[in-house]
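Heads up, the thing below is written out as structure tokens.
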Amino acid sequence: MHVVKTTLRQPSFMVRDIPIYGDLILSPMAGFSDLPYRLITRDFGSAMGYTEFVSVDGLLQGNEKTRRMLDFDPSEYPITFQVFGSSEDNIVEACKMIEPWGPTIIDLNMGCSVAKVSGRGAGAALLCEPSKIGRIFARLSKELAVPITGKIRLGWDDKSRNYVTVAKTLEDNGAALIAVHGRTKAQAYTGSADWSPIAEIKQTVKIPVIGNGDVKCVADIKRIKEQTGCDGVMIGRAAIGNPWIFSRKNRHQVTFEEKAALIRRHFSLMLDYYGKYGLILFRKHVVKYISEIRGAATIRENFVTASTAEEFIAILEEAEAQNAAVYQLKAA
Ligand SMILES: Cc1cc2nc3c(=O)[nH]c(=O)nc-3n(C[C@H](O)[C@H](O)[C@H](O)COP(=O)(O)O)c2cc1C
């Protein structure tokens with residue numbers, strides 16, 4: 001008998017009944033993890049998408065800008081809608097409202113440190129009230145069909161690193177996954193991320209744990225996995241201007257031609273999705289794409305002052321020509 005051998009790809013982990021193929025994930029990032037950039041990072045290997053966080057109050061008020069932040073493309077499945085809010089009832093009501101819009105998963109943000117979120121009882125402020133977290137997750141997991149997940153920090157400040165309590169509360173009340181940024185709210189983005197609490201959480205709960213914080217290069221991916229045993233790794237700032245990290249390639253291994261080709265593609269997706277406003281929104285990406293190339297300061301200046309798409313493309317073409325000339329000079 002002739003036996004055909006197949007090597008079916010195994011999922012890296014499951015979010016309840018949803019298989020996740022791959023262990024690297026683009027972090028939710030307001031202003032960055034929008035539809036165009038998620039499409040790009042998925043192509044490079046990000047295993048799932050998280051939207052930018054959206055306000056449950058904005059959703060309930062029918063705010064069109066908020067609604068649009070939950071746009072996604074079916075090719076992105078599995079896609080996670082991330083929400084933030086403070087009122088239990090509003091969180092539950094908004095999640096029930098958006099569930100029919102088609103997310104694979106809904107995630108509650110419990111990590112945002114910025115004052116206008118955490119100062120109003122949302123984001124990381126929820127960490128101060130584990131029993132409220134428990135009530136919210138109990139209701140969400142009972143009232144919704146999709147898996148519910150949470151993204152947390154280690155606690156409010158150094159004196160209240162209650163991550164084990166929060167993680168247990170999440171699991172006991174039906175959360176299907178926990179993503180952990182290894183800093184407290186008080187730290188914001190200062191100091192360095194502490195990965196040992198992620199290992200502690202991983203040993204405490206049975207649901208998948210995603211490690212996050214200061215994964216800056218390919219070697220860090222291996223380090224955080226080894227040090228924490230986490231099921232997946234979430235990459236935020238180091239992925240801006242560097243989707244290659246999801247293919248386990250460092251920024252300096254990417255050629256100028258590859259960068260230029262991706263700038264074109266990303267820019268075109270931005271124009272398709274945002275119209276001419278895409279030019280302005282793309283500036284923060286382009287400066288990151290070119291940050292490590294020769295003559296970056298001048299090119300950056302030109303890119304950020306371009307006022308039309310044609311001007312932008314002309315600047316890119318000039319940079320490509322200059323790069324080709326330097327390359328030829330070197331080869332001669
Ligand atoms: C510009 C920016 C926007 C962010 N927006 C969100 C967000 O919408 N939701 C969220 O859970 N975390 C958000 N974060 C936090 C990141 O998801 C991540 O936890 C944090 O940046 C640490 O990971 P990193 O060191 O890989 O950047 C944001 C971070 C940055 C830098």
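Letters A, B, ... mark the chains of the structure tokens in the order given; residue numbers begin at 1 per chain; ligand numbers begin at 1, in order shown.
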Return as CSV the residues of chain A lying at most 8 Å from ligand 1, together with the closest atom-to-atom pair for each and the distance in Å to one decimal, counting only C-alpha atoms and all ligand atoms, with rows in chain order and ascending residue number.
```
residue,atom,partner,partner_atom_place_in_ligand_line,distance
A:Ser27,CA,ligand 1,17 (O),4.3
A:Pro28,CA,ligand 1,9 (N),4.5
A:Met29,CA,ligand 1,5 (N),3.2
A:Ala30,CA,ligand 1,5 (N),3.9
A:Gly31,CA,ligand 1,1 (C),6.3
A:Phe32,CA,ligand 1,1 (C),6.7
A:Ser33,CA,ligand 1,8 (O),7.9
A:Thr51,CA,ligand 1,8 (O),7.4
A:Glu52,CA,ligand 1,8 (O),4.2
A:Phe53,CA,ligand 1,8 (O),3.9
A:Val54,CA,ligand 1,8 (O),7.4
A:Gln82,CA,ligand 1,9 (N),7.0
A:Asn109,CA,ligand 1,11 (O),5.1
A:Met110,CA,ligand 1,11 (O),7.2
A:Gly111,CA,ligand 1,11 (O),5.9
A:Cys112,CA,ligand 1,12 (N),5.9
A:Lys151,CA,ligand 1,11 (O),5.9
A:Ile152,CA,ligand 1,11 (O),7.7
A:Val180,CA,ligand 1,19 (O),7.5
A:His181,CA,ligand 1,19 (O),5.1
A:Gly182,CA,ligand 1,22 (C),7.9
A:Tyr189,CA,ligand 1,22 (C),7.5
A:Ala193,CA,ligand 1,25 (O),7.5
A:Asn212,CA,ligand 1,23 (O),5.3
A:Gly213,CA,ligand 1,25 (O),3.7
A:Asp214,CA,ligand 1,25 (O),3.6
A:Val215,CA,ligand 1,26 (O),5.2
A:Lys216,CA,ligand 1,26 (O),6.9
A:Met234,CA,ligand 1,26 (O),6.4
A:Ile235,CA,ligand 1,26 (O),4.0
A:Gly236,CA,ligand 1,26 (O),3.5
A:Arg237,CA,ligand 1,27 (O),3.7
A:Ala238,CA,ligand 1,26 (O),5.9
A:Ala239,CA,ligand 1,26 (O),7.5
```
Contact residues around Leu281 (chain A) with only C-alpha atoms at 8 Å, ignoring same-chain residues under 4 positions, as an MDAnalysis selection string: chainID A and resid 270 277 285
Between CA of Asn173 (chain A) and CA of Ile91 (chain A), distance in Å (one decimal):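 CA of Ile91 (chain A) lies at a distance of 15.4 Å from CA of Asn173 (chain A).
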Shell around Ala167 (chain A) at 12 Å using only C-alpha atoms, local window under 5 positions removed, as a VMD selection string: chain A and resid 110 127 130 to 131 133 to 134 137 149 to 155 161 to 162 172 to 180 197 to 210
Please produce an output containing C-alpha atoms for each residue in the selection, written as a PDB file, in the first residue's frame.
```
ATOM      1  CA  MET A 110      -6.438  46.323  31.383  1.00  0.00           C
ATOM      2  CA  LEU A 127      -6.178  46.060  37.880  1.00  0.00           C
ATOM      3  CA  PRO A 130      -9.869  42.309  40.678  1.00  0.00           C
ATOM      4  CA  SER A 131     -13.416  41.553  41.833  1.00  0.00           C
ATOM      5  CA  ILE A 133     -12.607  42.176  36.592  1.00  0.00           C
ATOM      6  CA  GLY A 134     -14.088  38.875  37.772  1.00  0.00           C
ATOM      7  CA  PHE A 137     -15.419  38.364  32.647  1.00  0.00           C
ATOM      8  CA  THR A 149      -9.385  37.468  26.613  1.00  0.00           C
ATOM      9  CA  GLY A 150      -7.541  40.070  28.667  1.00  0.00           C
ATOM     10  CA  LYS A 151      -4.358  42.113  28.306  1.00  0.00           C
ATOM     11  CA  ILE A 152      -2.810  43.215  31.585  1.00  0.00           C
ATOM     12  CA  ARG A 153       0.215  44.823  33.207  1.00  0.00           C
ATOM     13  CA  LEU A 154       1.825  43.580  36.419  1.00  0.00           C
ATOM     14  CA  GLY A 155      -0.249  45.839  38.634  1.00  0.00           C
ATOM     15  CA  ARG A 161       1.887  43.894  41.735  1.00  0.00           C
ATOM     16  CA  ASN A 162      -1.261  41.750  41.924  1.00  0.00           C
ATOM     17  CA  ASP A 172     -11.725  31.465  36.988  1.00  0.00           C
ATOM     18  CA  ASN A 173     -14.200  33.720  35.222  1.00  0.00           C
ATOM     19  CA  GLY A 174     -13.850  32.315  31.740  1.00  0.00           C
ATOM     20  CA  ALA A 175     -10.981  34.208  30.075  1.00  0.00           C
ATOM     21  CA  ALA A 176      -9.496  32.164  27.232  1.00  0.00           C
ATOM     22  CA  LEU A 177      -6.048  33.830  27.152  1.00  0.00           C
ATOM     23  CA  ILE A 178      -3.997  36.415  29.030  1.00  0.00           C
ATOM     24  CA  ALA A 179      -1.470  38.745  27.439  1.00  0.00           C
ATOM     25  CA  VAL A 180       0.970  40.268  29.932  1.00  0.00           C
ATOM     26  CA  PRO A 197       6.085  37.504  36.514  1.00  0.00           C
ATOM     27  CA  ILE A 198       5.070  36.224  33.079  1.00  0.00           C
ATOM     28  CA  ALA A 199       6.707  32.892  33.987  1.00  0.00           C
ATOM     29  CA  GLU A 200       4.842  32.937  37.319  1.00  0.00           C
ATOM     30  CA  ILE A 201       1.526  33.517  35.578  1.00  0.00           C
ATOM     31  CA  LYS A 202       2.282  30.766  33.082  1.00  0.00           C
ATOM     32  CA  GLN A 203       2.833  28.370  35.987  1.00  0.00           C
ATOM     33  CA  THR A 204      -0.374  29.492  37.692  1.00  0.00           C
ATOM     34  CA  VAL A 205      -2.972  29.252  34.915  1.00  0.00           C
ATOM     35  CA  LYS A 206      -3.828  26.665  32.305  1.00  0.00           C
ATOM     36  CA  ILE A 207      -5.043  29.082  29.635  1.00  0.00           C
ATOM     37  CA  PRO A 208      -2.473  30.379  27.119  1.00  0.00           C
ATOM     38  CA  VAL A 209      -0.207  33.207  28.240  1.00  0.00           C
ATOM     39  CA  ILE A 210       1.276  35.717  25.827  1.00  0.00           C
TER      40      ILE A 210
END
```
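Excluding Val286 (chain A) itself and same-chain residues fewer than 6 positions from it, the residues having an atom within 10 Å of it are Ile240, Gly241, Lys259, Ala260, Leu262, Ile263, Arg264, His266, Phe267, Ile299, Arg300, Phe303 and Val304 of chain A, counting only C-alpha atoms.
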Keeping only all heavy atoms, write the selected residues as a tab-separated table (two decimals), in the first residue's frame.
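What landed in again-v1.tsv:
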```
chain	number	residue	atom	x	y	z
A	240	ILE	N	7.21	48.39	14.71
A	240	ILE	CA	6.86	49.58	13.92
A	240	ILE	C	8.00	49.83	12.94
A	240	ILE	O	9.16	49.95	13.33
A	240	ILE	CB	6.61	50.81	14.83
A	240	ILE	CG1	5.51	50.51	15.85
A	240	ILE	CG2	6.25	52.02	13.98
A	240	ILE	CD1	5.30	51.61	16.89
A	241	GLY	N	7.67	49.86	11.67
A	241	GLY	CA	8.70	50.00	10.63
A	241	GLY	C	9.52	48.74	10.46
A	241	GLY	O	10.52	48.73	9.75
A	259	LYS	N	12.97	47.36	1.79
A	259	LYS	CA	12.29	48.42	2.55
A	259	LYS	C	11.49	49.32	1.61
A	259	LYS	O	10.32	49.64	1.88
A	259	LYS	CB	13.30	49.26	3.33
A	259	LYS	CG	13.81	48.54	4.56
A	259	LYS	CD	14.74	49.40	5.38
A	259	LYS	CE	15.28	48.56	6.53
A	259	LYS	NZ	16.41	49.13	7.21
A	260	ALA	N	12.12	49.70	0.50
A	260	ALA	CA	11.45	50.60	-0.45
A	260	ALA	C	10.18	49.94	-1.01
A	260	ALA	O	9.14	50.58	-1.12
A	260	ALA	CB	12.41	50.98	-1.57
A	262	LEU	N	8.34	47.72	0.39
A	262	LEU	CA	7.30	47.66	1.41
A	262	LEU	C	6.71	49.03	1.70
A	262	LEU	O	5.50	49.17	1.93
A	262	LEU	CB	7.82	47.02	2.71
A	262	LEU	CG	6.67	46.71	3.66
A	262	LEU	CD1	5.78	45.60	3.10
A	262	LEU	CD2	7.16	46.34	5.03
A	263	ILE	N	7.57	50.07	1.66
A	263	ILE	CA	7.06	51.43	1.85
A	263	ILE	C	5.98	51.71	0.79
A	263	ILE	O	4.90	52.20	1.09
A	263	ILE	CB	8.20	52.47	1.78
A	263	ILE	CG1	9.09	52.36	3.02
A	263	ILE	CG2	7.66	53.88	1.62
A	263	ILE	CD1	10.37	53.19	2.99
A	264	ARG	N	6.27	51.36	-0.47
A	264	ARG	CA	5.29	51.54	-1.55
A	264	ARG	C	3.98	50.83	-1.25
A	264	ARG	O	2.90	51.38	-1.38
A	264	ARG	CB	5.82	50.90	-2.84
A	264	ARG	CG	6.41	51.84	-3.81
A	264	ARG	CD	7.01	51.03	-4.95
A	264	ARG	NE	8.26	51.63	-5.34
A	264	ARG	CZ	8.36	52.72	-6.10
A	264	ARG	NH1	7.27	53.27	-6.57
A	264	ARG	NH2	9.53	53.23	-6.38
A	266	HIS	N	2.79	49.60	1.66
A	266	HIS	CA	2.10	50.10	2.85
A	266	HIS	C	1.44	51.45	2.55
A	266	HIS	O	0.29	51.70	2.91
A	266	HIS	CB	3.13	50.21	3.99
A	266	HIS	CG	2.51	50.45	5.34
A	266	HIS	ND1	3.22	50.35	6.50
A	266	HIS	CD2	1.24	50.77	5.72
A	266	HIS	CE1	2.42	50.61	7.53
A	266	HIS	NE2	1.23	50.88	7.07
A	267	PHE	N	2.17	52.31	1.84
A	267	PHE	CA	1.64	53.64	1.49
A	267	PHE	C	0.38	53.49	0.64
A	267	PHE	O	-0.62	54.16	0.87
A	267	PHE	CB	2.73	54.41	0.74
A	267	PHE	CG	2.34	55.82	0.39
A	267	PHE	CD1	1.81	56.66	1.35
A	267	PHE	CD2	2.52	56.32	-0.90
A	267	PHE	CE1	1.44	57.97	1.04
A	267	PHE	CE2	2.16	57.62	-1.23
A	267	PHE	CZ	1.63	58.45	-0.26
A	299	ILE	N	16.25	62.30	4.09
A	299	ILE	CA	15.10	61.64	3.45
A	299	ILE	C	13.87	61.79	4.34
A	299	ILE	O	12.77	62.07	3.88
A	299	ILE	CB	15.37	60.13	3.19
A	299	ILE	CG1	16.67	59.95	2.40
A	299	ILE	CG2	14.22	59.50	2.44
A	299	ILE	CD1	17.09	58.50	2.24
A	300	ARG	N	14.09	61.65	5.65
A	300	ARG	CA	12.97	61.77	6.61
A	300	ARG	C	12.32	63.14	6.47
A	300	ARG	O	11.10	63.27	6.34
A	300	ARG	CB	13.49	61.56	8.03
A	300	ARG	CG	12.40	61.58	9.08
A	300	ARG	CD	12.86	61.05	10.41
A	300	ARG	NE	14.08	61.70	10.89
A	300	ARG	CZ	15.19	61.07	11.21
A	300	ARG	NH1	15.28	59.77	11.09
A	300	ARG	NH2	16.25	61.73	11.64
A	303	PHE	N	10.31	63.25	3.34
A	303	PHE	CA	9.07	62.46	3.43
A	303	PHE	C	8.01	63.18	4.26
A	303	PHE	O	6.85	63.22	3.88
A	303	PHE	CB	9.35	61.10	4.08
A	303	PHE	CG	9.78	60.03	3.09
A	303	PHE	CD1	10.84	59.19	3.38
A	303	PHE	CD2	9.09	59.84	1.90
A	303	PHE	CE1	11.23	58.19	2.50
A	303	PHE	CE2	9.47	58.84	1.01
A	303	PHE	CZ	10.54	58.02	1.30
A	304	VAL	N	8.41	63.72	5.40
A	304	VAL	CA	7.38	64.28	6.29
A	304	VAL	C	6.86	65.64	5.81
A	304	VAL	O	5.86	66.11	6.31
A	304	VAL	CB	7.81	64.35	7.78
A	304	VAL	CG1	8.12	62.98	8.33
A	304	VAL	CG2	8.97	65.28	7.99
```
Which of region 88-284 of chain A DSSP labels strand (DSSP E or B), written as a list of chain:residue names: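 Written out, the strand (DSSP E or B) residues of region 88-284 of chain A are A:Ile105, A:Ile106, A:Asp107, A:Leu108, A:Asn109, A:Met110, A:Ile148, A:Thr149, A:Gly150, A:Lys151, A:Ile152, A:Ile178, A:Ala179, A:Val180, A:His181, A:Val209, A:Ile210, A:Gly211, A:Asn212, A:Gly232, A:Val233, A:Met234, A:Ile235.
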Can I get the selection written as a compact mmCIF listing (two decimals), in the first residue's frame, with N, CA, C and O atoms?
```
# COMPACT_ATOMS: atom_id res chain seq x y z
N ILE A 105 -12.42 36.93 18.44
CA ILE A 105 -12.15 37.02 19.89
C ILE A 105 -12.43 38.47 20.30
O ILE A 105 -12.23 39.39 19.49
N ILE A 106 -12.85 38.68 21.54
CA ILE A 106 -12.92 40.06 22.06
C ILE A 106 -12.00 40.14 23.29
O ILE A 106 -12.02 39.25 24.15
N ASP A 107 -11.18 41.19 23.31
CA ASP A 107 -10.18 41.36 24.37
C ASP A 107 -10.47 42.64 25.15
O ASP A 107 -10.82 43.66 24.56
N LEU A 108 -10.30 42.55 26.47
CA LEU A 108 -10.47 43.75 27.29
C LEU A 108 -9.10 44.29 27.68
O LEU A 108 -8.26 43.56 28.23
N ASN A 109 -8.89 45.57 27.41
CA ASN A 109 -7.63 46.21 27.77
C ASN A 109 -7.62 46.53 29.26
O ASN A 109 -8.50 47.24 29.75
N MET A 110 -6.61 46.01 29.96
CA MET A 110 -6.44 46.32 31.38
C MET A 110 -5.00 46.77 31.61
O MET A 110 -4.43 46.54 32.68
N ILE A 148 -13.30 35.30 25.23
CA ILE A 148 -12.99 36.61 25.82
C ILE A 148 -11.59 36.51 26.41
O ILE A 148 -11.27 35.55 27.12
N THR A 149 -10.77 37.50 26.12
CA THR A 149 -9.39 37.47 26.61
C THR A 149 -9.05 38.81 27.28
O THR A 149 -9.79 39.78 27.12
N GLY A 150 -7.93 38.83 27.99
CA GLY A 150 -7.54 40.07 28.67
C GLY A 150 -6.07 40.38 28.47
O GLY A 150 -5.24 39.48 28.38
N LYS A 151 -5.76 41.68 28.38
CA LYS A 151 -4.36 42.11 28.31
C LYS A 151 -4.08 42.97 29.54
O LYS A 151 -4.78 43.95 29.78
N ILE A 152 -3.06 42.57 30.29
CA ILE A 152 -2.81 43.22 31.59
C ILE A 152 -1.36 43.72 31.70
O ILE A 152 -0.50 43.38 30.90
N ILE A 178 -4.46 35.17 28.37
CA ILE A 178 -4.00 36.42 29.03
C ILE A 178 -2.72 36.88 28.34
O ILE A 178 -1.79 36.10 28.15
N ALA A 179 -2.71 38.14 27.95
CA ALA A 179 -1.47 38.75 27.44
C ALA A 179 -0.92 39.64 28.55
O ALA A 179 -1.68 40.39 29.17
N VAL A 180 0.38 39.55 28.78
CA VAL A 180 0.97 40.27 29.93
C VAL A 180 2.12 41.15 29.48
O VAL A 180 3.13 40.66 28.96
N HIS A 181 1.98 42.45 29.72
CA HIS A 181 3.10 43.39 29.51
C HIS A 181 3.83 43.48 30.86
O HIS A 181 3.22 43.88 31.86
N VAL A 209 -0.76 31.94 27.75
CA VAL A 209 -0.21 33.21 28.24
C VAL A 209 0.69 33.78 27.14
O VAL A 209 1.55 33.08 26.60
N ILE A 210 0.46 35.04 26.84
CA ILE A 210 1.28 35.72 25.83
C ILE A 210 2.22 36.67 26.55
O ILE A 210 1.78 37.50 27.35
N GLY A 211 3.51 36.53 26.29
CA GLY A 211 4.50 37.40 26.92
C GLY A 211 4.71 38.66 26.09
O GLY A 211 4.73 38.60 24.86
N ASN A 212 4.89 39.77 26.79
CA ASN A 212 5.02 41.06 26.08
C ASN A 212 5.88 42.04 26.88
O ASN A 212 5.84 42.06 28.10
N GLY A 232 2.97 32.42 23.39
CA GLY A 232 3.17 33.31 22.25
C GLY A 232 3.83 34.58 22.72
O GLY A 232 3.91 34.86 23.93
N VAL A 233 4.31 35.35 21.77
CA VAL A 233 5.03 36.59 22.09
C VAL A 233 4.39 37.74 21.33
O VAL A 233 4.17 37.64 20.12
N MET A 234 4.10 38.80 22.07
CA MET A 234 3.49 39.96 21.44
C MET A 234 4.56 41.02 21.25
O MET A 234 5.32 41.31 22.19
N ILE A 235 4.63 41.58 20.05
CA ILE A 235 5.67 42.58 19.77
C ILE A 235 5.01 43.89 19.36
O ILE A 235 4.18 43.91 18.45
```
One-decimal distance in Å that lies between CA of Asp194 (chain A) and CA of Gln227 (chain A):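 The value is 10.6 Å.
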DSSP alpha helix (DSSP H) selection over region 246-307 of chain A, as a ChimeraX atom specification: /A:256-274,278-289,296-305
Save the residues we just selected, C-alpha atoms, as a PDB file, in the first residue's frame?
```
ATOM      1  CA  PHE A 256      17.032  48.978   1.123  1.00  0.00           C
ATOM      2  CA  GLU A 257      15.195  47.522  -1.894  1.00  0.00           C
ATOM      3  CA  GLU A 258      13.013  45.402   0.376  1.00  0.00           C
ATOM      4  CA  LYS A 259      12.286  48.422   2.550  1.00  0.00           C
ATOM      5  CA  ALA A 260      11.449  50.601  -0.452  1.00  0.00           C
ATOM      6  CA  ALA A 261       9.113  47.948  -1.891  1.00  0.00           C
ATOM      7  CA  LEU A 262       7.300  47.656   1.412  1.00  0.00           C
ATOM      8  CA  ILE A 263       7.055  51.434   1.846  1.00  0.00           C
ATOM      9  CA  ARG A 264       5.288  51.538  -1.552  1.00  0.00           C
ATOM     10  CA  ARG A 265       2.900  48.755  -0.621  1.00  0.00           C
ATOM     11  CA  HIS A 266       2.100  50.105   2.847  1.00  0.00           C
ATOM     12  CA  PHE A 267       1.644  53.638   1.489  1.00  0.00           C
ATOM     13  CA  SER A 268      -0.740  52.386  -1.159  1.00  0.00           C
ATOM     14  CA  LEU A 269      -2.786  50.472   1.443  1.00  0.00           C
ATOM     15  CA  MET A 270      -2.921  53.648   3.556  1.00  0.00           C
ATOM     16  CA  LEU A 271      -4.234  55.687   0.620  1.00  0.00           C
ATOM     17  CA  ASP A 272      -6.769  52.984  -0.244  1.00  0.00           C
ATOM     18  CA  TYR A 273      -8.070  52.850   3.280  1.00  0.00           C
ATOM     19  CA  TYR A 274      -7.810  56.467   4.491  1.00  0.00           C
ATOM     20  CA  GLY A 278      -3.348  58.351   4.496  1.00  0.00           C
ATOM     21  CA  LEU A 279      -0.336  60.454   3.481  1.00  0.00           C
ATOM     22  CA  ILE A 280      -0.230  62.208   6.847  1.00  0.00           C
ATOM     23  CA  LEU A 281      -0.937  59.029   8.801  1.00  0.00           C
ATOM     24  CA  PHE A 282       1.844  57.224   6.970  1.00  0.00           C
ATOM     25  CA  ARG A 283       4.533  59.685   8.114  1.00  0.00           C
ATOM     26  CA  LYS A 284       5.003  58.009  11.501  1.00  0.00           C
ATOM     27  CA  HIS A 285       5.509  54.664   9.735  1.00  0.00           C
ATOM     28  CA  VAL A 286       7.889  55.858   7.037  1.00  0.00           C
ATOM     29  CA  VAL A 287      10.265  57.488   9.518  1.00  0.00           C
ATOM     30  CA  LYS A 288      10.553  54.119  11.254  1.00  0.00           C
ATOM     31  CA  TYR A 289      11.081  52.185   8.015  1.00  0.00           C
ATOM     32  CA  ALA A 296      17.954  59.006   6.881  1.00  0.00           C
ATOM     33  CA  ALA A 297      17.746  62.526   8.319  1.00  0.00           C
ATOM     34  CA  THR A 298      17.439  64.240   4.922  1.00  0.00           C
ATOM     35  CA  ILE A 299      15.098  61.640   3.450  1.00  0.00           C
ATOM     36  CA  ARG A 300      12.968  61.775   6.607  1.00  0.00           C
ATOM     37  CA  GLU A 301      12.681  65.542   6.335  1.00  0.00           C
ATOM     38  CA  ASN A 302      11.588  65.200   2.696  1.00  0.00           C
ATOM     39  CA  PHE A 303       9.073  62.462   3.431  1.00  0.00           C
ATOM     40  CA  VAL A 304       7.382  64.284   6.286  1.00  0.00           C
ATOM     41  CA  THR A 305       7.023  67.477   4.319  1.00  0.00           C
TER      42      THR A 305
END
```
Among listed residues A:Ser55, A:Gln10, A:Asn242, A:Ser113, nearest Cys217 (chain A) (using only C-alpha atoms): A:Asn242
